[in-house]
Amino acid sequence: MNRPEMCRRARSRAGPWDMVVIGGGATGVGCAIDAASRGYDVLLLEQSDFGKGTSSRSTKLVHGGVRYLEQGNVSLVMEALKERGLLFENAPHLVSNLGFVVPRYDWWEAPFYGIGLKVYDLLAGKYGFGSSRILSKEETLERLPTINPDGLRGGVVYFDGQFDDARLLIHMVATAFEQGATLVNYAPVTGLTRDEGGFVNGVVAIDRESGEEIRASAKVVINATGAFSDEIRRQADPEAAPMIAPSQGIHLVFDRSFLPGDTAVMVPHTSDGRVLFAIPWHGHTLVGTTDTPVPCATLEPVAMDQEIDFILGTASRYLAKKPSRADVLSVFAGIRPLVRSGNASNTAALSRDHVIQIDRTGLVTICGGKWTTYRHMAEDCVTEAAILAQLPEKSCVTGHLNIHGFHPSADKFGDLKVYGSDALEIQQLGLNVQLHPLLPYTEAEVLWSTRHEMARTVEDILARRTRALFLNARAAIDVAPRVAGIMAVELGHGERWRADQVTEFTALAGNYIL
Ligand SMILES: Cc1cc2nc3c(=O)[nH]c(=O)nc-3n(C[C@H](O)[C@H](O)[C@H](O)COP(=O)(O)OP(=O)(O)OC[C@H]3O[C@@H](n4cnc5c(N)ncnc54)[C@H](O)[C@@H]3O)c2cc1C
């Protein structure tokens, strides 16, 4: 993938695209894969980097959602469990099977969670990840040596999927490209065009690198901008009633000593009625999340003090080694694009089902849902959009479409596992020099992502092509000059660019440090 070539394709197109997708998160890129693999001509425009929005800031679970089962949303759980199974088949290099233990401190928790999780297993059917079972206190401590032993009666273990969200997204961009889609990052859509009848028939965007305008006409425009959906809808129809109830969730990252094994902890009832996870992720411990209504979406949301205190407080109740602010290596926030409901009193209670809204201008908006269900969301959306645009009917093929890098035994690539079949080529670059003793990333990965994955800034490399910023923000700041140096040579930039990149990244990374 090469950005200048993508821009050239976007600008030189003579006739209308079958579909233009706005937004390069899981939902938009999912739509681009679906549309392109059906044989439609599709252009996707992302205002920043792919995954800059919510899709790089999740809890990294490919899951049915035990919580939604408790809420009685069986159809959502079944759909998500099926999608979990399909994603595991289509991207085995990026999705892994992880054991979760619900620790038990009350007598009723064994039958309650034991039965609930058996239902969860059953709903997965042939896409099951393993059987849940009740654990004794000793078995629980064996799996979770750092769980708080005071009053512990035992646990219940169940199995779910885990992934690296931004890395999967980049492989999805590559998949869409291989299927024939054109995808441009750093190209914000600034306006929609309409025909004489008032129907949306294209978009106007800016290439943020050259400053040039990109005008793209389309038979149908899909708005997949997540928490920003209402802004795009109002560009088409200033009177469009808002659909989105943005809700912020944060995570704290600690070193591995807080959760040294390979089993996660799931706390099913926190004081705010949510679930809290502590998960081993890339050699660190990831703890989250919160659900705080916010007035509007921003691209770089910042964790609030009360959210940080809530996670530290709840984690301290369950972990023998109590985490403090000084232990936090990184804190990151994301905005859920939840769909409004007149009756819901808090955002935790809002449905995670997806919604496809066709406005009177013909703009198609897809929002809500979960990372896990992106493929199904895209299937529904592209089917609706194709009908609206009167495109020839073509069946969805993504149920069994391998994601770029597909490799059935990528474990053998060690830290490069997440690159799947690309790992061999990265190894052959020969720059096997680790960037920082506390981070598993090498110079070769920086070069690879700059050359082949449309990384344009130091932040792209340290936040989304690698996960350095999310694992250890101070270490990420330390390596920024080296990353800028490698990128500058590859992209042909000078000293000024290097210095600006380091300054910009250091300022941004300040939001990830307490
Ligand atoms: C804290 C948290 C934890 C979560 N954990 C999980 C989990 O573990 N598992 C799970 O399945 N789901 C999880 N989710 C939900 C999941 O992350 C989201 O549902 C999903 O990422 C939404 O993807 P999206 O593409 O709709 O939105 P986004 O990823 O936000 O993408 C929208 C994109 O549109 C772009 N955009 C906006 N305006 C414009 C414009 N004018 N022009 C061009 N582009 C534009 C933005 O830059 C952005 O990149 C979590 C969500 C949160 C907040």
# chains A, B, ... in the order shown; residues from 1 in each chain; ligands from 1
$ select_by_dssp --residues "range 209-432 of chain A" --states "alpha helix (DSSP H)" --output "PyMOL selection string"
chain A and resi 229-236+305-318+374-388+423-429
$ write_last_selection --atoms "N, CA and C atoms" --output "short mmCIF file (atom, residue, chain, number, x, y, z; two decimals), in the first residue's frame"
data_model
loop_
_atom_site.label_atom_id
_atom_site.label_comp_id
_atom_site.auth_asym_id
_atom_site.auth_seq_id
_atom_site.Cartn_x
_atom_site.Cartn_y
_atom_site.Cartn_z
N SER A 229 -20.58 10.63 13.69
CA SER A 229 -21.60 10.42 12.66
C SER A 229 -22.55 11.59 12.50
N ASP A 230 -22.96 12.19 13.62
CA ASP A 230 -23.95 13.27 13.51
C ASP A 230 -23.38 14.49 12.78
N GLU A 231 -22.06 14.72 12.92
CA GLU A 231 -21.45 15.87 12.23
C GLU A 231 -21.59 15.70 10.72
N ILE A 232 -21.34 14.51 10.23
CA ILE A 232 -21.45 14.26 8.78
C ILE A 232 -22.93 14.32 8.37
N ARG A 233 -23.81 13.77 9.21
CA ARG A 233 -25.23 13.79 8.84
C ARG A 233 -25.74 15.23 8.74
N ARG A 234 -25.22 16.09 9.62
CA ARG A 234 -25.68 17.50 9.57
C ARG A 234 -25.11 18.23 8.35
N GLN A 235 -23.99 17.72 7.78
CA GLN A 235 -23.49 18.34 6.55
C GLN A 235 -24.49 18.11 5.41
N ALA A 236 -25.18 16.94 5.46
CA ALA A 236 -26.16 16.64 4.42
C ALA A 236 -27.50 17.28 4.74
N ASP A 305 -9.88 12.42 35.87
CA ASP A 305 -9.34 11.96 37.15
C ASP A 305 -10.26 10.93 37.82
N GLN A 306 -11.59 11.19 37.78
CA GLN A 306 -12.48 10.25 38.47
C GLN A 306 -12.49 8.87 37.81
N GLU A 307 -12.24 8.83 36.49
CA GLU A 307 -12.17 7.53 35.80
C GLU A 307 -10.91 6.78 36.26
N ILE A 308 -9.82 7.52 36.35
CA ILE A 308 -8.55 6.91 36.75
C ILE A 308 -8.68 6.37 38.18
N ASP A 309 -9.27 7.18 39.06
CA ASP A 309 -9.43 6.76 40.47
C ASP A 309 -10.34 5.54 40.56
N PHE A 310 -11.38 5.53 39.73
CA PHE A 310 -12.31 4.40 39.77
C PHE A 310 -11.60 3.09 39.38
N ILE A 311 -10.80 3.14 38.33
CA ILE A 311 -10.12 1.91 37.90
C ILE A 311 -9.07 1.49 38.92
N LEU A 312 -8.32 2.45 39.43
CA LEU A 312 -7.30 2.10 40.44
C LEU A 312 -7.98 1.50 41.67
N GLY A 313 -9.09 2.11 42.09
CA GLY A 313 -9.79 1.65 43.29
C GLY A 313 -10.35 0.24 43.10
N THR A 314 -11.00 0.01 41.95
CA THR A 314 -11.61 -1.30 41.72
C THR A 314 -10.52 -2.37 41.57
N ALA A 315 -9.47 -2.04 40.82
CA ALA A 315 -8.39 -3.03 40.63
C ALA A 315 -7.75 -3.37 41.97
N SER A 316 -7.63 -2.38 42.84
CA SER A 316 -6.99 -2.61 44.15
C SER A 316 -7.79 -3.59 45.01
N ARG A 317 -9.11 -3.63 44.78
CA ARG A 317 -9.92 -4.57 45.56
C ARG A 317 -9.67 -6.02 45.14
N TYR A 318 -9.26 -6.21 43.89
CA TYR A 318 -9.15 -7.58 43.37
C TYR A 318 -7.71 -8.06 43.20
N TYR A 374 -17.92 -6.13 13.49
CA TYR A 374 -17.73 -5.22 12.34
C TYR A 374 -18.11 -5.89 11.02
N ARG A 375 -17.81 -7.18 10.87
CA ARG A 375 -18.04 -7.86 9.58
C ARG A 375 -19.53 -7.96 9.28
N HIS A 376 -20.29 -8.33 10.30
CA HIS A 376 -21.73 -8.43 10.13
C HIS A 376 -22.35 -7.05 9.89
N MET A 377 -21.86 -6.04 10.61
CA MET A 377 -22.35 -4.67 10.40
C MET A 377 -22.12 -4.25 8.96
N ALA A 378 -20.90 -4.55 8.47
CA ALA A 378 -20.56 -4.16 7.10
C ALA A 378 -21.43 -4.89 6.09
N GLU A 379 -21.68 -6.16 6.35
CA GLU A 379 -22.52 -6.94 5.43
C GLU A 379 -23.91 -6.30 5.32
N ASP A 380 -24.52 -6.00 6.47
CA ASP A 380 -25.85 -5.37 6.47
C ASP A 380 -25.82 -4.03 5.73
N CYS A 381 -24.79 -3.24 6.03
CA CYS A 381 -24.73 -1.88 5.51
C CYS A 381 -24.54 -1.88 3.99
N VAL A 382 -23.61 -2.71 3.51
CA VAL A 382 -23.34 -2.73 2.06
C VAL A 382 -24.56 -3.27 1.31
N THR A 383 -25.24 -4.24 1.90
CA THR A 383 -26.45 -4.76 1.25
C THR A 383 -27.48 -3.64 1.10
N GLU A 384 -27.71 -2.88 2.17
CA GLU A 384 -28.69 -1.78 2.13
C GLU A 384 -28.25 -0.69 1.15
N ALA A 385 -26.95 -0.36 1.21
CA ALA A 385 -26.45 0.72 0.35
C ALA A 385 -26.57 0.33 -1.13
N ALA A 386 -26.30 -0.93 -1.43
CA ALA A 386 -26.36 -1.39 -2.83
C ALA A 386 -27.80 -1.32 -3.34
N ILE A 387 -28.76 -1.66 -2.48
CA ILE A 387 -30.17 -1.58 -2.89
C ILE A 387 -30.54 -0.12 -3.16
N LEU A 388 -30.12 0.76 -2.23
CA LEU A 388 -30.44 2.18 -2.37
C LEU A 388 -29.86 2.75 -3.66
N ALA A 423 5.58 -11.47 8.42
CA ALA A 423 6.69 -11.53 9.38
C ALA A 423 8.00 -11.94 8.68
N LEU A 424 7.89 -12.86 7.72
CA LEU A 424 9.10 -13.33 7.03
C LEU A 424 9.80 -12.18 6.33
N GLU A 425 9.02 -11.34 5.65
CA GLU A 425 9.63 -10.21 4.92
C GLU A 425 10.22 -9.19 5.88
N ILE A 426 9.56 -9.02 7.04
CA ILE A 426 10.10 -8.07 8.02
C ILE A 426 11.44 -8.59 8.54
N GLN A 427 11.49 -9.90 8.80
CA GLN A 427 12.75 -10.50 9.26
C GLN A 427 13.84 -10.28 8.21
N GLN A 428 13.45 -10.39 6.92
CA GLN A 428 14.46 -10.27 5.86
C GLN A 428 14.99 -8.85 5.70
N LEU A 429 14.29 -7.86 6.26
CA LEU A 429 14.80 -6.48 6.18
C LEU A 429 16.12 -6.37 6.94
#
$ residues_around --residues "Ala124 in chain A" --least-positions-apart "2" --cutoff "10 Å" --atoms "only C-alpha atoms" --output "PyMOL selection string"
chain A and resi 64+77-85+119-122+126-130
$ select_by_dssp --residues "range 12-112 of chain A" --states "strand (DSSP E)" --output "ChimeraX atom specification"
/A:17-22,42-45,61-62,95-104
$ residues_around --residues "Pro280 in chain A" --least-positions-apart "2" --cutoff "12 Å" --atoms "only C-alpha atoms" --output "VMD selection string"
chain A and resid 59 to 61 96 98 to 100 144 162 to 164 253 to 266 277 to 278 282 to 288 471
$ residues_around --residues "Thr190 in chain A" --least-positions-apart "6" --cutoff "12 Å" --atoms "only C-alpha atoms" --output "ChimeraX atom specification"
/A:22,45-47,202-208,213-216,231-236
$ residues_around --residues "range 174-181 of chain A" --least-positions-apart "2" --cutoff "12 Å" --atoms "only C-alpha atoms" --output "ChimeraX atom specification"
/A:1-3,5-6,9-10,17-21,24,26,28-45,50,90-91,167-172,183-184,397-398,401-406,419,422,449,452-454
$ atom_distance --atom1 "CA of Phe332 in chain A" --atom2 "CA of Thr503 in chain A"
19.6 Å
$ closest_residue --among "A:Thr225, A:Ser131, A:Ser136, A:Ser330" --to "ligand 1" --atoms "only C-alpha atoms and all ligand atoms"
A:Thr225
$ atom_distance --atom1 "CA of Pro242 in chain A" --atom2 "CA of Gly362 in chain A"
16.3 Å
$ atom_distance --atom1 "CA of Ala227 in chain A" --atom2 "CA of Ala303 in chain A"
16.7 Å
$ closest_residue --among "A:Ser48, A:Ser12, A:Thr292, A:Thr450" --to "ligand 1" --atoms "only C-alpha atoms and all ligand atoms"
A:Ser48
$ closest_residue --among "A:Gly25, A:Pro440, A:Pro408, A:Gly430" --to "ligand 1" --atoms "only C-alpha atoms and all ligand atoms"
A:Gly25
$ residues_around --residues "Glu138 in chain A" --least-positions-apart "2" --cutoff "12 Å" --atoms "only C-alpha atoms" --output "ChimeraX atom specification"
/A:103,134-136,140-145,147,149,152-155
$ write_last_selection --atoms "all heavy atoms" --output "tab-separated table (two decimals), in the first residue's frame"
chain	number	residue	atom	x	y	z
A	103	PRO	N	-13.44	-14.19	39.66
A	103	PRO	CA	-13.15	-14.63	41.03
A	103	PRO	C	-14.43	-14.64	41.87
A	103	PRO	O	-15.30	-13.80	41.69
A	103	PRO	CB	-12.15	-13.59	41.55
A	103	PRO	CG	-12.29	-12.41	40.66
A	103	PRO	CD	-12.93	-12.84	39.37
A	134	ILE	N	-16.22	-24.39	36.97
A	134	ILE	CA	-16.01	-23.80	38.29
A	134	ILE	C	-14.64	-24.22	38.81
A	134	ILE	O	-14.25	-25.39	38.66
A	134	ILE	CB	-17.14	-24.23	39.25
A	134	ILE	CG1	-18.45	-23.59	38.75
A	134	ILE	CG2	-16.85	-23.83	40.70
A	134	ILE	CD1	-19.68	-23.97	39.51
A	135	LEU	N	-13.90	-23.27	39.38
A	135	LEU	CA	-12.56	-23.57	39.91
A	135	LEU	C	-12.57	-23.51	41.44
A	135	LEU	O	-13.30	-22.70	42.03
A	135	LEU	CB	-11.54	-22.53	39.43
A	135	LEU	CG	-11.35	-22.32	37.92
A	135	LEU	CD1	-10.33	-21.20	37.70
A	135	LEU	CD2	-10.85	-23.61	37.26
A	136	SER	N	-11.75	-24.35	42.04
A	136	SER	CA	-11.56	-24.27	43.49
A	136	SER	C	-10.69	-23.05	43.80
A	136	SER	O	-10.12	-22.43	42.88
A	136	SER	CB	-10.84	-25.53	43.99
A	136	SER	OG	-9.54	-25.53	43.43
A	140	THR	N	-7.90	-21.41	41.31
A	140	THR	CA	-8.00	-19.98	40.97
A	140	THR	C	-6.66	-19.30	41.24
A	140	THR	O	-6.15	-18.54	40.39
A	140	THR	CB	-9.12	-19.31	41.81
A	140	THR	OG1	-10.33	-20.03	41.57
A	140	THR	CG2	-9.30	-17.86	41.44
A	141	LEU	N	-6.05	-19.61	42.38
A	141	LEU	CA	-4.77	-18.97	42.72
A	141	LEU	C	-3.65	-19.45	41.80
A	141	LEU	O	-2.70	-18.71	41.53
A	141	LEU	CB	-4.42	-19.25	44.18
A	141	LEU	CG	-5.25	-18.41	45.17
A	141	LEU	CD1	-5.08	-18.94	46.60
A	141	LEU	CD2	-4.83	-16.94	45.10
A	142	GLU	N	-3.80	-20.68	41.31
A	142	GLU	CA	-2.78	-21.19	40.37
A	142	GLU	C	-2.83	-20.39	39.06
A	142	GLU	O	-1.82	-20.02	38.50
A	142	GLU	CB	-3.10	-22.65	40.08
A	142	GLU	CG	-1.91	-23.45	39.62
A	142	GLU	CD	-2.31	-24.92	39.51
A	142	GLU	OE1	-2.76	-25.50	40.53
A	142	GLU	OE2	-2.23	-25.43	38.40
A	143	ARG	N	-4.06	-20.11	38.59
A	143	ARG	CA	-4.20	-19.35	37.35
A	143	ARG	C	-3.93	-17.86	37.57
A	143	ARG	O	-3.43	-17.18	36.68
A	143	ARG	CB	-5.62	-19.49	36.80
A	143	ARG	CG	-5.83	-20.77	36.01
A	143	ARG	CD	-7.25	-20.81	35.49
A	143	ARG	NE	-7.49	-21.96	34.65
A	143	ARG	CZ	-7.36	-21.96	33.34
A	143	ARG	NH1	-6.98	-20.89	32.71
A	143	ARG	NH2	-7.61	-23.06	32.65
A	144	LEU	N	-4.32	-17.37	38.76
A	144	LEU	CA	-4.19	-15.93	39.05
A	144	LEU	C	-3.41	-15.75	40.34
A	144	LEU	O	-3.99	-15.46	41.40
A	144	LEU	CB	-5.57	-15.28	39.22
A	144	LEU	CG	-6.55	-15.35	38.06
A	144	LEU	CD1	-7.91	-14.78	38.48
A	144	LEU	CD2	-6.03	-14.57	36.86
A	145	PRO	N	-2.08	-15.92	40.28
A	145	PRO	CA	-1.32	-15.85	41.54
A	145	PRO	C	-1.42	-14.49	42.23
A	145	PRO	O	-1.17	-14.41	43.43
A	145	PRO	CB	0.12	-16.14	41.10
A	145	PRO	CG	0.12	-16.23	39.62
A	145	PRO	CD	-1.27	-16.24	39.12
A	147	ILE	N	-4.23	-12.58	42.47
A	147	ILE	CA	-5.59	-12.18	42.85
A	147	ILE	C	-5.64	-12.03	44.37
A	147	ILE	O	-4.94	-12.75	45.09
A	147	ILE	CB	-6.64	-13.22	42.35
A	147	ILE	CG1	-8.05	-12.65	42.35
A	147	ILE	CG2	-6.59	-14.50	43.15
A	147	ILE	CD1	-8.33	-11.72	41.21
A	149	PRO	N	-6.36	-12.82	47.84
A	149	PRO	CA	-6.80	-14.09	48.41
A	149	PRO	C	-7.77	-13.93	49.59
A	149	PRO	O	-8.42	-14.90	49.99
A	149	PRO	CB	-5.49	-14.74	48.90
A	149	PRO	CG	-4.57	-13.58	49.16
A	149	PRO	CD	-5.01	-12.43	48.30
A	152	LEU	N	-11.40	-15.20	49.32
A	152	LEU	CA	-11.59	-15.86	48.02
A	152	LEU	C	-12.13	-17.28	48.21
A	152	LEU	O	-11.58	-18.06	48.99
A	152	LEU	CB	-10.25	-15.90	47.26
A	152	LEU	CG	-10.30	-16.48	45.86
A	152	LEU	CD1	-10.96	-15.49	44.87
A	152	LEU	CD2	-8.88	-16.81	45.34
A	153	ARG	N	-13.23	-17.61	47.51
A	153	ARG	CA	-13.78	-18.98	47.60
A	153	ARG	C	-13.36	-19.81	46.40
A	153	ARG	O	-13.35	-21.04	46.46
A	153	ARG	CB	-15.30	-18.92	47.61
A	153	ARG	CG	-15.87	-18.37	48.90
A	153	ARG	CD	-17.33	-18.05	48.74
A	153	ARG	NE	-17.88	-17.54	49.97
A	153	ARG	CZ	-18.62	-18.27	50.82
A	153	ARG	NH1	-18.90	-19.52	50.56
A	153	ARG	NH2	-19.08	-17.73	51.92
A	154	GLY	N	-13.06	-19.18	45.28
A	154	GLY	CA	-12.70	-19.90	44.05
A	154	GLY	C	-12.97	-19.00	42.86
A	154	GLY	O	-12.92	-17.77	42.98
A	155	GLY	N	-13.29	-19.63	41.73
A	155	GLY	CA	-13.56	-18.82	40.54
A	155	GLY	C	-14.34	-19.61	39.52
A	155	GLY	O	-14.69	-20.78	39.74
$ closest_residue --among "A:Val267, A:Val502, A:Leu276, A:Val418" --to "Asp478 in chain A" --atoms "only C-alpha atoms"
A:Val502
$ decode --residues "range 379-405 of chain A" --atoms "N, CA, C and O atoms" --output "PDB file, in the first residue's frame"
ATOM      1  N   GLU A 379     -21.680  -6.155   6.352  1.00  0.00           N
ATOM      2  CA  GLU A 379     -22.522  -6.938   5.433  1.00  0.00           C
ATOM      3  C   GLU A 379     -23.909  -6.298   5.318  1.00  0.00           C
ATOM      4  O   GLU A 379     -24.424  -6.067   4.214  1.00  0.00           O
ATOM      5  N   ASP A 380     -24.518  -6.000   6.467  1.00  0.00           N
ATOM      6  CA  ASP A 380     -25.851  -5.372   6.465  1.00  0.00           C
ATOM      7  C   ASP A 380     -25.818  -4.033   5.734  1.00  0.00           C
ATOM      8  O   ASP A 380     -26.697  -3.715   4.939  1.00  0.00           O
ATOM      9  N   CYS A 381     -24.786  -3.243   6.030  1.00  0.00           N
ATOM     10  CA  CYS A 381     -24.730  -1.878   5.507  1.00  0.00           C
ATOM     11  C   CYS A 381     -24.537  -1.881   3.990  1.00  0.00           C
ATOM     12  O   CYS A 381     -25.220  -1.154   3.265  1.00  0.00           O
ATOM     13  N   VAL A 382     -23.611  -2.708   3.511  1.00  0.00           N
ATOM     14  CA  VAL A 382     -23.338  -2.726   2.062  1.00  0.00           C
ATOM     15  C   VAL A 382     -24.555  -3.268   1.311  1.00  0.00           C
ATOM     16  O   VAL A 382     -24.910  -2.771   0.232  1.00  0.00           O
ATOM     17  N   THR A 383     -25.241  -4.242   1.897  1.00  0.00           N
ATOM     18  CA  THR A 383     -26.455  -4.761   1.248  1.00  0.00           C
ATOM     19  C   THR A 383     -27.484  -3.640   1.100  1.00  0.00           C
ATOM     20  O   THR A 383     -28.043  -3.421   0.026  1.00  0.00           O
ATOM     21  N   GLU A 384     -27.711  -2.881   2.170  1.00  0.00           N
ATOM     22  CA  GLU A 384     -28.690  -1.779   2.129  1.00  0.00           C
ATOM     23  C   GLU A 384     -28.249  -0.688   1.152  1.00  0.00           C
ATOM     24  O   GLU A 384     -29.054  -0.170   0.382  1.00  0.00           O
ATOM     25  N   ALA A 385     -26.954  -0.363   1.207  1.00  0.00           N
ATOM     26  CA  ALA A 385     -26.447   0.720   0.348  1.00  0.00           C
ATOM     27  C   ALA A 385     -26.569   0.329  -1.127  1.00  0.00           C
ATOM     28  O   ALA A 385     -26.921   1.161  -1.969  1.00  0.00           O
ATOM     29  N   ALA A 386     -26.295  -0.933  -1.431  1.00  0.00           N
ATOM     30  CA  ALA A 386     -26.365  -1.386  -2.830  1.00  0.00           C
ATOM     31  C   ALA A 386     -27.799  -1.323  -3.343  1.00  0.00           C
ATOM     32  O   ALA A 386     -28.045  -0.937  -4.493  1.00  0.00           O
ATOM     33  N   ILE A 387     -28.758  -1.661  -2.481  1.00  0.00           N
ATOM     34  CA  ILE A 387     -30.168  -1.585  -2.892  1.00  0.00           C
ATOM     35  C   ILE A 387     -30.537  -0.118  -3.162  1.00  0.00           C
ATOM     36  O   ILE A 387     -31.119   0.222  -4.193  1.00  0.00           O
ATOM     37  N   LEU A 388     -30.118   0.762  -2.231  1.00  0.00           N
ATOM     38  CA  LEU A 388     -30.444   2.179  -2.369  1.00  0.00           C
ATOM     39  C   LEU A 388     -29.858   2.754  -3.665  1.00  0.00           C
ATOM     40  O   LEU A 388     -30.497   3.546  -4.354  1.00  0.00           O
ATOM     41  N   ALA A 389     -28.624   2.331  -3.994  1.00  0.00           N
ATOM     42  CA  ALA A 389     -27.949   2.870  -5.181  1.00  0.00           C
ATOM     43  C   ALA A 389     -28.324   2.108  -6.446  1.00  0.00           C
ATOM     44  O   ALA A 389     -27.799   2.401  -7.515  1.00  0.00           O
ATOM     45  N   GLN A 390     -29.200   1.124  -6.305  1.00  0.00           N
ATOM     46  CA  GLN A 390     -29.632   0.293  -7.441  1.00  0.00           C
ATOM     47  C   GLN A 390     -28.439  -0.341  -8.153  1.00  0.00           C
ATOM     48  O   GLN A 390     -28.368  -0.382  -9.387  1.00  0.00           O
ATOM     49  N   LEU A 391     -27.491  -0.813  -7.358  1.00  0.00           N
ATOM     50  CA  LEU A 391     -26.336  -1.521  -7.922  1.00  0.00           C
ATOM     51  C   LEU A 391     -26.747  -2.963  -8.186  1.00  0.00           C
ATOM     52  O   LEU A 391     -27.652  -3.480  -7.521  1.00  0.00           O
ATOM     53  N   PRO A 392     -26.068  -3.629  -9.122  1.00  0.00           N
ATOM     54  CA  PRO A 392     -26.392  -5.033  -9.347  1.00  0.00           C
ATOM     55  C   PRO A 392     -26.205  -5.827  -8.053  1.00  0.00           C
ATOM     56  O   PRO A 392     -25.236  -5.607  -7.314  1.00  0.00           O
ATOM     57  N   GLU A 393     -27.139  -6.745  -7.785  1.00  0.00           N
ATOM     58  CA  GLU A 393     -27.082  -7.506  -6.527  1.00  0.00           C
ATOM     59  C   GLU A 393     -25.881  -8.459  -6.537  1.00  0.00           C
ATOM     60  O   GLU A 393     -25.677  -9.186  -7.513  1.00  0.00           O
ATOM     61  N   LYS A 394     -25.084  -8.419  -5.494  1.00  0.00           N
ATOM     62  CA  LYS A 394     -23.927  -9.322  -5.389  1.00  0.00           C
ATOM     63  C   LYS A 394     -23.847  -9.813  -3.952  1.00  0.00           C
ATOM     64  O   LYS A 394     -24.035  -9.030  -3.019  1.00  0.00           O
ATOM     65  N   SER A 395     -23.537 -11.100  -3.783  1.00  0.00           N
ATOM     66  CA  SER A 395     -23.560 -11.668  -2.428  1.00  0.00           C
ATOM     67  C   SER A 395     -22.321 -11.293  -1.637  1.00  0.00           C
ATOM     68  O   SER A 395     -21.230 -11.125  -2.196  1.00  0.00           O
ATOM     69  N   CYS A 396     -22.508 -11.237  -0.324  1.00  0.00           N
ATOM     70  CA  CYS A 396     -21.387 -10.982   0.590  1.00  0.00           C
ATOM     71  C   CYS A 396     -20.503 -12.228   0.672  1.00  0.00           C
ATOM     72  O   CYS A 396     -21.003 -13.344   0.779  1.00  0.00           O
ATOM     73  N   VAL A 397     -19.176 -12.031   0.634  1.00  0.00           N
ATOM     74  CA  VAL A 397     -18.264 -13.187   0.688  1.00  0.00           C
ATOM     75  C   VAL A 397     -17.325 -13.134   1.890  1.00  0.00           C
ATOM     76  O   VAL A 397     -16.411 -13.950   2.015  1.00  0.00           O
ATOM     77  N   THR A 398     -17.528 -12.166   2.796  1.00  0.00           N
ATOM     78  CA  THR A 398     -16.518 -11.971   3.848  1.00  0.00           C
ATOM     79  C   THR A 398     -16.561 -13.015   4.969  1.00  0.00           C
ATOM     80  O   THR A 398     -15.625 -13.085   5.761  1.00  0.00           O
ATOM     81  N   GLY A 399     -17.656 -13.819   5.010  1.00  0.00           N
ATOM     82  CA  GLY A 399     -17.724 -14.839   6.063  1.00  0.00           C
ATOM     83  C   GLY A 399     -16.520 -15.768   6.029  1.00  0.00           C
ATOM     84  O   GLY A 399     -16.054 -16.242   7.068  1.00  0.00           O
ATOM     85  N   HIS A 400     -16.015 -15.992   4.838  1.00  0.00           N
ATOM     86  CA  HIS A 400     -14.859 -16.898   4.710  1.00  0.00           C
ATOM     87  C   HIS A 400     -13.762 -16.248   3.863  1.00  0.00           C
ATOM     88  O   HIS A 400     -13.181 -16.877   2.992  1.00  0.00           O
ATOM     89  N   LEU A 401     -13.497 -14.990   4.150  1.00  0.00           N
ATOM     90  CA  LEU A 401     -12.430 -14.277   3.431  1.00  0.00           C
ATOM     91  C   LEU A 401     -11.267 -14.063   4.403  1.00  0.00           C
ATOM     92  O   LEU A 401     -11.431 -13.418   5.437  1.00  0.00           O
ATOM     93  N   ASN A 402     -10.105 -14.592   4.038  1.00  0.00           N
ATOM     94  CA  ASN A 402      -8.958 -14.431   4.928  1.00  0.00           C
ATOM     95  C   ASN A 402      -8.540 -12.969   5.020  1.00  0.00           C
ATOM     96  O   ASN A 402      -8.545 -12.242   4.030  1.00  0.00           O
ATOM     97  N   ILE A 403      -8.152 -12.578   6.219  1.00  0.00           N
ATOM     98  CA  ILE A 403      -7.609 -11.233   6.428  1.00  0.00           C
ATOM     99  C   ILE A 403      -6.124 -11.265   6.048  1.00  0.00           C
ATOM    100  O   ILE A 403      -5.429 -12.260   6.276  1.00  0.00           O
ATOM    101  N   HIS A 404      -5.655 -10.159   5.476  1.00  0.00           N
ATOM    102  CA  HIS A 404      -4.249 -10.053   5.040  1.00  0.00           C
ATOM    103  C   HIS A 404      -3.299 -10.575   6.136  1.00  0.00           C
ATOM    104  O   HIS A 404      -3.462 -10.245   7.309  1.00  0.00           O
ATOM    105  N   GLY A 405      -2.318 -11.349   5.716  1.00  0.00           N
ATOM    106  CA  GLY A 405      -1.340 -11.889   6.665  1.00  0.00           C
ATOM    107  C   GLY A 405      -1.762 -13.227   7.241  1.00  0.00           C
ATOM    108  O   GLY A 405      -1.023 -13.807   8.056  1.00  0.00           O
TER     109      GLY A 405
END
